[in-house]
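**Student:** File name run-v7.cif; file contents mmCIF, N, CA and C atoms; full text below.
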data_target
#
loop_
_atom_site.label_atom_id
_atom_site.label_comp_id
_atom_site.auth_asym_id
_atom_site.auth_seq_id
_atom_site.Cartn_x
_atom_site.Cartn_y
_atom_site.Cartn_z
N GLN A 1 94.67 -37.64 -56.94
CA GLN A 1 93.36 -38.22 -56.74
C GLN A 1 93.37 -39.16 -55.54
N VAL A 2 92.28 -39.14 -54.83
CA VAL A 2 92.11 -40.03 -53.67
C VAL A 2 91.00 -41.01 -53.99
N GLN A 3 91.22 -42.26 -53.62
CA GLN A 3 90.19 -43.30 -53.82
C GLN A 3 89.97 -44.06 -52.52
N LEU A 4 88.72 -44.49 -52.33
CA LEU A 4 88.36 -45.39 -51.25
C LEU A 4 87.86 -46.68 -51.88
N VAL A 5 88.44 -47.79 -51.46
CA VAL A 5 88.05 -49.08 -52.03
C VAL A 5 87.65 -50.02 -50.90
N GLU A 6 86.38 -50.47 -50.96
CA GLU A 6 85.88 -51.39 -49.94
C GLU A 6 86.08 -52.84 -50.38
N SER A 7 86.13 -53.72 -49.40
CA SER A 7 86.17 -55.16 -49.65
C SER A 7 85.59 -55.87 -48.45
N GLY A 8 85.26 -57.15 -48.65
CA GLY A 8 84.82 -57.97 -47.53
C GLY A 8 83.34 -58.29 -47.49
N GLY A 9 82.57 -57.74 -48.40
CA GLY A 9 81.15 -58.04 -48.41
C GLY A 9 80.89 -59.47 -48.88
N GLY A 10 79.62 -59.89 -48.78
CA GLY A 10 79.26 -61.22 -49.24
C GLY A 10 77.96 -61.69 -48.66
N LEU A 11 77.72 -62.98 -48.80
CA LEU A 11 76.51 -63.62 -48.30
C LEU A 11 76.83 -64.36 -47.01
N VAL A 12 76.03 -64.14 -45.98
CA VAL A 12 76.26 -64.78 -44.70
C VAL A 12 74.92 -65.16 -44.09
N GLN A 13 74.90 -66.21 -43.30
CA GLN A 13 73.67 -66.64 -42.64
C GLN A 13 73.39 -65.76 -41.43
N PRO A 14 72.14 -65.65 -41.02
CA PRO A 14 71.82 -64.92 -39.80
C PRO A 14 72.62 -65.44 -38.62
N GLY A 15 73.13 -64.51 -37.83
CA GLY A 15 73.98 -64.86 -36.71
C GLY A 15 75.46 -64.93 -37.05
N GLY A 16 75.77 -64.84 -38.33
CA GLY A 16 77.15 -64.91 -38.76
C GLY A 16 77.87 -63.58 -38.66
N SER A 17 79.12 -63.58 -39.15
CA SER A 17 79.98 -62.39 -39.06
C SER A 17 80.63 -62.09 -40.40
N LEU A 18 80.91 -60.83 -40.60
CA LEU A 18 81.69 -60.36 -41.74
C LEU A 18 82.57 -59.21 -41.28
N ARG A 19 83.68 -59.03 -41.96
CA ARG A 19 84.55 -57.89 -41.69
C ARG A 19 84.76 -57.12 -42.97
N LEU A 20 84.32 -55.89 -42.98
CA LEU A 20 84.52 -55.01 -44.12
C LEU A 20 85.80 -54.20 -43.94
N SER A 21 86.47 -53.96 -45.05
CA SER A 21 87.67 -53.11 -45.05
C SER A 21 87.50 -52.01 -46.08
N CYS A 22 88.11 -50.88 -45.82
CA CYS A 22 88.10 -49.76 -46.76
C CYS A 22 89.46 -49.10 -46.71
N ALA A 23 90.17 -49.16 -47.83
CA ALA A 23 91.50 -48.58 -47.90
C ALA A 23 91.48 -47.31 -48.73
N ALA A 24 92.07 -46.27 -48.17
CA ALA A 24 92.22 -45.01 -48.90
C ALA A 24 93.58 -44.99 -49.58
N SER A 25 93.59 -44.56 -50.83
CA SER A 25 94.86 -44.51 -51.56
C SER A 25 94.93 -43.21 -52.34
N GLY A 26 96.15 -42.88 -52.76
CA GLY A 26 96.37 -41.65 -53.51
C GLY A 26 97.32 -40.74 -52.76
N SER A 27 97.31 -39.48 -53.16
CA SER A 27 98.19 -38.50 -52.54
C SER A 27 97.48 -37.89 -51.34
N ILE A 28 97.68 -38.50 -50.17
CA ILE A 28 96.93 -38.16 -48.97
C ILE A 28 97.81 -37.40 -47.99
N PHE A 29 97.28 -36.28 -47.50
CA PHE A 29 97.96 -35.52 -46.46
C PHE A 29 97.48 -35.97 -45.08
N SER A 30 96.16 -36.03 -44.92
CA SER A 30 95.60 -36.42 -43.63
C SER A 30 94.18 -36.96 -43.81
N ILE A 31 93.83 -37.93 -42.96
CA ILE A 31 92.48 -38.48 -42.96
C ILE A 31 91.82 -38.14 -41.64
N TYR A 32 90.66 -37.59 -41.67
CA TYR A 32 89.95 -37.18 -40.48
C TYR A 32 88.93 -38.25 -40.12
N ALA A 33 87.67 -37.90 -39.95
CA ALA A 33 86.67 -38.91 -39.60
C ALA A 33 86.47 -39.89 -40.75
N MET A 34 86.27 -41.16 -40.36
CA MET A 34 85.96 -42.21 -41.34
C MET A 34 84.64 -42.84 -40.93
N ASN A 35 83.81 -43.14 -41.91
CA ASN A 35 82.46 -43.57 -41.63
C ASN A 35 82.07 -44.78 -42.49
N TRP A 36 81.13 -45.53 -41.98
CA TRP A 36 80.45 -46.56 -42.76
C TRP A 36 78.97 -46.18 -42.85
N TYR A 37 78.45 -46.17 -44.06
CA TYR A 37 77.04 -45.99 -44.33
C TYR A 37 76.50 -47.28 -44.95
N ARG A 38 75.19 -47.40 -44.96
CA ARG A 38 74.58 -48.51 -45.69
C ARG A 38 73.26 -48.04 -46.32
N GLN A 39 72.91 -48.71 -47.40
CA GLN A 39 71.66 -48.40 -48.08
C GLN A 39 70.98 -49.69 -48.50
N ALA A 40 69.82 -49.94 -47.93
CA ALA A 40 69.02 -51.10 -48.27
C ALA A 40 68.10 -50.74 -49.44
N PRO A 41 67.64 -51.73 -50.18
CA PRO A 41 66.75 -51.45 -51.32
C PRO A 41 65.52 -50.67 -50.89
N GLY A 42 65.25 -49.59 -51.59
CA GLY A 42 64.07 -48.79 -51.31
C GLY A 42 64.18 -47.90 -50.09
N LYS A 43 65.36 -47.85 -49.48
CA LYS A 43 65.53 -47.03 -48.27
C LYS A 43 66.62 -46.00 -48.48
N GLN A 44 66.61 -44.98 -47.62
CA GLN A 44 67.64 -43.95 -47.67
C GLN A 44 68.95 -44.48 -47.10
N ARG A 45 70.02 -43.89 -47.56
CA ARG A 45 71.33 -44.24 -47.02
C ARG A 45 71.40 -43.77 -45.57
N GLU A 46 71.91 -44.63 -44.69
CA GLU A 46 72.01 -44.28 -43.28
C GLU A 46 73.43 -44.44 -42.77
N LEU A 47 73.78 -43.60 -41.82
CA LEU A 47 75.09 -43.66 -41.18
C LEU A 47 75.08 -44.80 -40.16
N VAL A 48 76.02 -45.72 -40.29
CA VAL A 48 76.10 -46.88 -39.42
C VAL A 48 77.09 -46.65 -38.27
N ALA A 49 78.29 -46.18 -38.62
CA ALA A 49 79.33 -46.02 -37.60
C ALA A 49 80.33 -44.98 -38.04
N THR A 50 80.91 -44.31 -37.06
CA THR A 50 81.90 -43.26 -37.29
C THR A 50 83.09 -43.48 -36.37
N ILE A 51 84.28 -43.20 -36.88
CA ILE A 51 85.48 -43.18 -36.03
C ILE A 51 86.27 -41.93 -36.38
N THR A 52 86.62 -41.15 -35.36
CA THR A 52 87.37 -39.93 -35.58
C THR A 52 88.87 -40.24 -35.68
N SER A 53 89.64 -39.21 -35.95
CA SER A 53 91.07 -39.41 -36.11
C SER A 53 91.74 -39.82 -34.81
N ASP A 54 91.12 -39.48 -33.68
CA ASP A 54 91.71 -39.87 -32.39
C ASP A 54 91.10 -41.15 -31.84
N GLY A 55 90.25 -41.82 -32.65
CA GLY A 55 89.73 -43.12 -32.27
C GLY A 55 88.38 -43.13 -31.59
N SER A 56 87.76 -42.00 -31.42
CA SER A 56 86.42 -41.98 -30.83
C SER A 56 85.42 -42.58 -31.81
N THR A 57 84.48 -43.35 -31.28
CA THR A 57 83.53 -44.05 -32.14
C THR A 57 82.09 -43.72 -31.79
N ASN A 58 81.22 -43.90 -32.76
CA ASN A 58 79.79 -43.71 -32.55
C ASN A 58 79.06 -44.66 -33.49
N TYR A 59 77.89 -45.16 -33.02
CA TYR A 59 77.14 -46.14 -33.78
C TYR A 59 75.66 -45.79 -33.82
N THR A 60 75.00 -46.19 -34.88
CA THR A 60 73.56 -46.09 -34.87
C THR A 60 73.01 -47.16 -33.93
N ASP A 61 71.85 -46.88 -33.32
CA ASP A 61 71.34 -47.75 -32.27
C ASP A 61 71.16 -49.20 -32.70
N SER A 62 70.78 -49.41 -33.94
CA SER A 62 70.45 -50.76 -34.39
C SER A 62 71.65 -51.70 -34.47
N VAL A 63 72.86 -51.15 -34.45
CA VAL A 63 74.06 -51.99 -34.55
C VAL A 63 74.91 -51.98 -33.30
N LYS A 64 74.54 -51.19 -32.31
CA LYS A 64 75.33 -51.11 -31.08
C LYS A 64 75.42 -52.48 -30.42
N GLY A 65 76.63 -52.84 -30.02
CA GLY A 65 76.86 -54.14 -29.39
C GLY A 65 77.11 -55.26 -30.38
N ARG A 66 76.88 -55.00 -31.66
CA ARG A 66 77.10 -56.03 -32.68
C ARG A 66 78.20 -55.65 -33.67
N PHE A 67 78.31 -54.37 -34.00
CA PHE A 67 79.30 -53.90 -34.96
C PHE A 67 80.41 -53.14 -34.23
N THR A 68 81.62 -53.24 -34.77
CA THR A 68 82.75 -52.49 -34.23
C THR A 68 83.52 -51.85 -35.37
N ILE A 69 83.68 -50.53 -35.28
CA ILE A 69 84.48 -49.80 -36.27
C ILE A 69 85.86 -49.57 -35.70
N SER A 70 86.87 -49.72 -36.55
CA SER A 70 88.25 -49.47 -36.12
C SER A 70 89.03 -48.94 -37.32
N ARG A 71 90.21 -48.43 -37.06
CA ARG A 71 91.02 -47.91 -38.15
C ARG A 71 92.50 -48.19 -37.88
N ASP A 72 93.25 -48.31 -38.98
CA ASP A 72 94.70 -48.45 -38.93
C ASP A 72 95.26 -47.25 -39.68
N ASN A 73 95.69 -46.25 -38.95
CA ASN A 73 96.16 -45.02 -39.59
C ASN A 73 97.40 -45.24 -40.45
N ALA A 74 98.23 -46.18 -40.08
CA ALA A 74 99.43 -46.46 -40.87
C ALA A 74 99.08 -47.02 -42.25
N LYS A 75 97.93 -47.68 -42.32
CA LYS A 75 97.50 -48.29 -43.58
C LYS A 75 96.39 -47.48 -44.26
N ASN A 76 96.00 -46.37 -43.66
CA ASN A 76 94.89 -45.55 -44.20
C ASN A 76 93.65 -46.41 -44.44
N THR A 77 93.36 -47.26 -43.47
CA THR A 77 92.28 -48.23 -43.64
C THR A 77 91.31 -48.18 -42.47
N VAL A 78 90.03 -48.32 -42.77
CA VAL A 78 89.01 -48.42 -41.76
C VAL A 78 88.32 -49.77 -41.91
N TYR A 79 87.91 -50.33 -40.79
CA TYR A 79 87.28 -51.65 -40.77
C TYR A 79 85.90 -51.57 -40.12
N LEU A 80 85.06 -52.52 -40.47
CA LEU A 80 83.79 -52.67 -39.79
C LEU A 80 83.60 -54.16 -39.51
N GLN A 81 83.76 -54.54 -38.25
CA GLN A 81 83.52 -55.92 -37.84
C GLN A 81 82.04 -56.05 -37.52
N MET A 82 81.37 -56.93 -38.20
CA MET A 82 79.93 -57.10 -38.04
C MET A 82 79.65 -58.51 -37.51
N ASN A 83 79.11 -58.58 -36.31
CA ASN A 83 78.78 -59.85 -35.67
C ASN A 83 77.27 -59.95 -35.46
N SER A 84 76.81 -61.16 -35.20
CA SER A 84 75.38 -61.40 -34.95
C SER A 84 74.52 -60.75 -36.03
N LEU A 85 74.88 -60.98 -37.26
CA LEU A 85 74.20 -60.31 -38.36
C LEU A 85 72.75 -60.77 -38.48
N LYS A 86 71.90 -59.83 -38.88
CA LYS A 86 70.47 -60.06 -39.03
C LYS A 86 70.06 -59.79 -40.48
N PRO A 87 68.98 -60.38 -40.93
CA PRO A 87 68.52 -60.09 -42.31
C PRO A 87 68.34 -58.60 -42.57
N GLU A 88 67.95 -57.84 -41.57
CA GLU A 88 67.76 -56.40 -41.76
C GLU A 88 69.07 -55.64 -41.91
N ASP A 89 70.20 -56.31 -41.74
CA ASP A 89 71.50 -55.68 -42.01
C ASP A 89 71.85 -55.76 -43.50
N THR A 90 71.05 -56.46 -44.27
CA THR A 90 71.29 -56.56 -45.70
C THR A 90 71.24 -55.20 -46.36
N ALA A 91 72.31 -54.85 -47.06
CA ALA A 91 72.41 -53.54 -47.69
C ALA A 91 73.72 -53.45 -48.46
N VAL A 92 73.85 -52.39 -49.23
CA VAL A 92 75.15 -52.03 -49.78
C VAL A 92 75.82 -51.12 -48.75
N TYR A 93 77.02 -51.47 -48.38
CA TYR A 93 77.77 -50.72 -47.37
C TYR A 93 78.81 -49.85 -48.07
N PHE A 94 78.82 -48.58 -47.68
CA PHE A 94 79.71 -47.59 -48.30
C PHE A 94 80.67 -47.04 -47.26
N CYS A 95 81.90 -46.90 -47.67
CA CYS A 95 82.91 -46.22 -46.89
C CYS A 95 82.89 -44.73 -47.24
N ASN A 96 83.13 -43.90 -46.24
CA ASN A 96 83.12 -42.46 -46.45
C ASN A 96 84.18 -41.84 -45.54
N ALA A 97 84.87 -40.83 -46.03
CA ALA A 97 85.91 -40.23 -45.21
C ALA A 97 86.16 -38.79 -45.60
N ASP A 98 86.57 -38.00 -44.61
CA ASP A 98 87.04 -36.64 -44.84
C ASP A 98 88.56 -36.69 -44.96
N ILE A 99 89.05 -36.24 -46.10
CA ILE A 99 90.47 -36.39 -46.39
C ILE A 99 91.02 -35.10 -46.97
N SER A 100 92.20 -34.75 -46.52
CA SER A 100 92.96 -33.70 -47.18
C SER A 100 93.97 -34.35 -48.10
N ALA A 101 93.83 -34.14 -49.39
CA ALA A 101 94.83 -34.62 -50.33
C ALA A 101 96.00 -33.62 -50.33
N LYS A 102 97.04 -33.96 -51.06
CA LYS A 102 98.19 -33.06 -51.14
C LYS A 102 98.76 -33.08 -52.54
N SER A 103 99.44 -32.00 -52.85
CA SER A 103 100.09 -31.92 -54.15
C SER A 103 101.19 -32.96 -54.23
N ARG A 104 101.19 -33.71 -55.34
CA ARG A 104 102.23 -34.72 -55.53
C ARG A 104 103.60 -34.09 -55.72
N SER A 105 103.63 -32.88 -56.23
CA SER A 105 104.92 -32.25 -56.52
C SER A 105 105.48 -31.50 -55.32
N SER A 106 104.62 -30.75 -54.61
CA SER A 106 105.12 -29.91 -53.53
C SER A 106 104.79 -30.43 -52.14
N GLY A 107 103.79 -31.33 -52.06
CA GLY A 107 103.36 -31.83 -50.77
C GLY A 107 102.43 -30.89 -50.04
N VAL A 108 102.10 -29.77 -50.62
CA VAL A 108 101.21 -28.80 -49.98
C VAL A 108 99.81 -29.40 -49.90
N PRO A 109 99.19 -29.36 -48.72
CA PRO A 109 97.85 -29.96 -48.59
C PRO A 109 96.77 -29.11 -49.24
N PHE A 110 95.76 -29.81 -49.71
CA PHE A 110 94.59 -29.16 -50.26
C PHE A 110 93.52 -29.07 -49.18
N THR A 111 92.45 -28.37 -49.52
CA THR A 111 91.32 -28.26 -48.61
C THR A 111 90.70 -29.64 -48.38
N ARG A 112 90.22 -29.86 -47.15
CA ARG A 112 89.57 -31.11 -46.80
C ARG A 112 88.36 -31.34 -47.69
N SER A 113 88.21 -32.58 -48.18
CA SER A 113 87.06 -32.95 -49.00
C SER A 113 86.49 -34.27 -48.51
N ASN A 114 85.26 -34.55 -48.92
CA ASN A 114 84.58 -35.78 -48.53
C ASN A 114 84.60 -36.77 -49.68
N TYR A 115 84.95 -38.01 -49.39
CA TYR A 115 85.09 -39.04 -50.42
C TYR A 115 84.22 -40.25 -50.08
N TRP A 116 83.78 -40.94 -51.14
CA TRP A 116 82.96 -42.14 -51.01
C TRP A 116 83.61 -43.31 -51.76
N GLY A 117 83.46 -44.50 -51.18
CA GLY A 117 83.81 -45.70 -51.90
C GLY A 117 82.69 -46.14 -52.83
N GLN A 118 82.92 -47.23 -53.55
CA GLN A 118 81.95 -47.68 -54.54
C GLN A 118 80.86 -48.57 -53.92
N GLY A 119 81.08 -49.02 -52.72
CA GLY A 119 80.10 -49.86 -52.03
C GLY A 119 80.39 -51.35 -52.16
N THR A 120 79.99 -52.09 -51.15
CA THR A 120 80.13 -53.54 -51.15
C THR A 120 78.82 -54.15 -50.61
N GLN A 121 78.34 -55.17 -51.28
CA GLN A 121 77.06 -55.76 -50.92
C GLN A 121 77.21 -56.72 -49.75
N VAL A 122 76.35 -56.57 -48.76
CA VAL A 122 76.24 -57.50 -47.64
C VAL A 122 74.83 -58.07 -47.66
N THR A 123 74.74 -59.39 -47.75
CA THR A 123 73.44 -60.06 -47.76
C THR A 123 73.40 -61.06 -46.62
N VAL A 124 72.39 -60.91 -45.76
CA VAL A 124 72.22 -61.81 -44.63
C VAL A 124 70.96 -62.63 -44.88
N SER A 125 71.16 -63.91 -45.15
CA SER A 125 70.02 -64.75 -45.52
C SER A 125 70.36 -66.21 -45.28
N SER A 126 69.34 -66.97 -44.94
CA SER A 126 69.52 -68.41 -44.78
C SER A 126 69.18 -69.15 -46.07
#
Please lay out the structure from this file as structure tokens.

**Tutor:**
Amino acid sequence: QVQLVESGGGLVQPGGSLRLSCAASGSIFSIYAMNWYRQAPGKQRELVATITSDGSTNYTDSVKGRFTISRDNAKNTVYLQMNSLKPEDTAVYFCNADISAKSRSSGVPFTRSNYWGQGTQVTVSS
């Protein structure tokens, strides 16, 4: 089984910063693209940032210049550094990744699957 566990959410004032982390654990063969999504109350879940296995990144327009996605492949972890936070950034943030798990006994990789974390709340308010 593969799990994604997020951490780092919380309450911050406008203009402040937070750093989210998402660690993948389990019997992992390879991790491909890793993503951060967010969902605000009453709104659809939206893709915030993506980082590929070779480090290429992409951002939704509303966070460009303020958010930075990065990953540590040795730790199977993806990060989202969020600066200059605005009230409209308030949402539950979800980690998402394409991962090939592997057999614990033989090490043979399984087909690539998509996994989600449980989400972490980010609230930007004075």

**Student:** Taking (89.4, -36.2, -33.6) in the coordinates of the supplied file, I want to know which residues reach to within 8 Å of it, counting only N, CA and C atoms; could you give the answer as a count of residues only?

**Tutor:** 8

**Student:** Convert the output of the PyMOL selection byres ((chain A and resi 98) around 8) on the shown file into explicit residues, formatted as a list in words.

**Tutor:**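 So the PyMOL selection byres ((chain A and resi 98) around 8), applied here, picks out Ser30, Ile31, Tyr32, Ala33, Met34, Asn35, Asn96, Ala97, Ile99, Ser100, Ala101, Arg112, Ser113, Asn114, Tyr115 and Trp116 of chain A.
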
**Student:** May I have the residues within 7 Å of Cys22 in chain A as a PyMOL selection string, using only N, CA and C atoms and disregarding those fewer than 2 positions away in the same chain?

**Tutor:** chain A and resi 4-7+20+24+76-80+95

**Student:** For the PyMOL selection byres (((chain A and resi 14 and name CA) around 8) and name CA), applied here, can you spell out every residue it catches as a PyMOL selection string?

**Tutor:** chain A and resi 12-13+15-16+84-87+124-126

**Student:** Measuring atom to atom with all atoms listed in the file, identify which of A:Val48, A:Thr111, A:Phe94, A:Val2 is nearest to Lys64 in chain A.

**Tutor:** A:Val48

**Student:** Extract range 85-116 of chain A from the coordinates I pasted, and write it as a tab-separated table (two decimals), in the first residue's frame (atoms kept: N, CA and C atoms).

**Tutor:**
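What landed in part19.tsv:
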chain	number	residue	atom	x	y	z
A	85	LEU	N	0.70	35.17	1.14
A	85	LEU	CA	-0.60	34.52	1.13
A	85	LEU	C	-1.74	35.53	1.19
A	86	LYS	N	-2.83	35.19	0.51
A	86	LYS	CA	-4.01	36.03	0.43
A	86	LYS	C	-5.21	35.28	1.00
A	87	PRO	N	-6.22	35.98	1.45
A	87	PRO	CA	-7.43	35.29	1.95
A	87	PRO	C	-8.00	34.31	0.93
A	88	GLU	N	-7.89	34.62	-0.34
A	88	GLU	CA	-8.43	33.73	-1.37
A	88	GLU	C	-7.62	32.44	-1.54
A	89	ASP	N	-6.49	32.34	-0.86
A	89	ASP	CA	-5.73	31.09	-0.86
A	89	ASP	C	-6.28	30.10	0.17
A	90	THR	N	-7.22	30.55	0.98
A	90	THR	CA	-7.82	29.67	1.98
A	90	THR	C	-8.50	28.48	1.32
A	91	ALA	N	-8.11	27.29	1.74
A	91	ALA	CA	-8.64	26.07	1.14
A	91	ALA	C	-8.05	24.87	1.86
A	92	VAL	N	-8.59	23.70	1.54
A	92	VAL	CA	-7.93	22.46	1.91
A	92	VAL	C	-6.99	22.10	0.77
A	93	TYR	N	-5.74	21.87	1.10
A	93	TYR	CA	-4.72	21.56	0.11
A	93	TYR	C	-4.45	20.06	0.12
A	94	PHE	N	-4.47	19.49	-1.08
A	94	PHE	CA	-4.31	18.04	-1.25
A	94	PHE	C	-3.05	17.75	-2.06
A	95	CYS	N	-2.33	16.76	-1.62
A	95	CYS	CA	-1.21	16.22	-2.37
A	95	CYS	C	-1.71	15.11	-3.29
A	96	ASN	N	-1.11	15.03	-4.46
A	96	ASN	CA	-1.52	14.03	-5.44
A	96	ASN	C	-0.27	13.58	-6.20
A	97	ALA	N	-0.20	12.30	-6.50
A	97	ALA	CA	0.98	11.82	-7.21
A	97	ALA	C	0.68	10.57	-8.01
A	98	ASP	N	1.42	10.41	-9.10
A	98	ASP	CA	1.40	9.18	-9.89
A	98	ASP	C	2.56	8.31	-9.41
A	99	ILE	N	2.22	7.13	-8.95
A	99	ILE	CA	3.22	6.27	-8.31
A	99	ILE	C	3.07	4.85	-8.82
A	100	SER	N	4.21	4.23	-9.06
A	100	SER	CA	4.23	2.79	-9.28
A	100	SER	C	4.65	2.13	-7.99
A	101	ALA	N	3.76	1.35	-7.41
A	101	ALA	CA	4.12	0.57	-6.24
A	101	ALA	C	4.87	-0.69	-6.71
A	102	LYS	N	5.34	-1.46	-5.77
A	102	LYS	CA	6.04	-2.69	-6.12
A	102	LYS	C	5.71	-3.78	-5.13
A	103	SER	N	5.87	-5.00	-5.60
A	103	SER	CA	5.63	-6.13	-4.72
A	103	SER	C	6.67	-6.14	-3.60
A	104	ARG	N	6.18	-6.30	-2.38
A	104	ARG	CA	7.10	-6.35	-1.23
A	104	ARG	C	7.97	-7.61	-1.27
A	105	SER	N	7.47	-8.65	-1.88
A	105	SER	CA	8.21	-9.92	-1.87
A	105	SER	C	9.19	-10.02	-3.03
A	106	SER	N	8.76	-9.61	-4.23
A	106	SER	CA	9.62	-9.80	-5.40
A	106	SER	C	10.24	-8.50	-5.92
A	107	GLY	N	9.67	-7.36	-5.52
A	107	GLY	CA	10.15	-6.09	-6.03
A	107	GLY	C	9.64	-5.75	-7.41
A	108	VAL	N	8.83	-6.59	-7.99
A	108	VAL	CA	8.29	-6.34	-9.32
A	108	VAL	C	7.34	-5.16	-9.26
A	109	PRO	N	7.50	-4.18	-10.15
A	109	PRO	CA	6.62	-2.99	-10.10
A	109	PRO	C	5.23	-3.29	-10.62
A	110	PHE	N	4.28	-2.57	-10.04
A	110	PHE	CA	2.91	-2.63	-10.49
A	110	PHE	C	2.64	-1.50	-11.47
A	111	THR	N	1.47	-1.54	-12.06
A	111	THR	CA	1.05	-0.47	-12.96
A	111	THR	C	0.97	0.85	-12.20
A	112	ARG	N	1.32	1.94	-12.89
A	112	ARG	CA	1.24	3.26	-12.31
A	112	ARG	C	-0.19	3.58	-11.89
A	113	SER	N	-0.35	4.15	-10.68
A	113	SER	CA	-1.66	4.55	-10.18
A	113	SER	C	-1.58	5.96	-9.62
A	114	ASN	N	-2.74	6.57	-9.46
A	114	ASN	CA	-2.83	7.92	-8.92
A	114	ASN	C	-3.28	7.88	-7.47
A	115	TYR	N	-2.59	8.62	-6.62
A	115	TYR	CA	-2.86	8.60	-5.17
A	115	TYR	C	-3.13	10.02	-4.67
A	116	TRP	N	-3.95	10.09	-3.62
A	116	TRP	CA	-4.30	11.36	-2.98
A	116	TRP	C	-3.98	11.31	-1.48
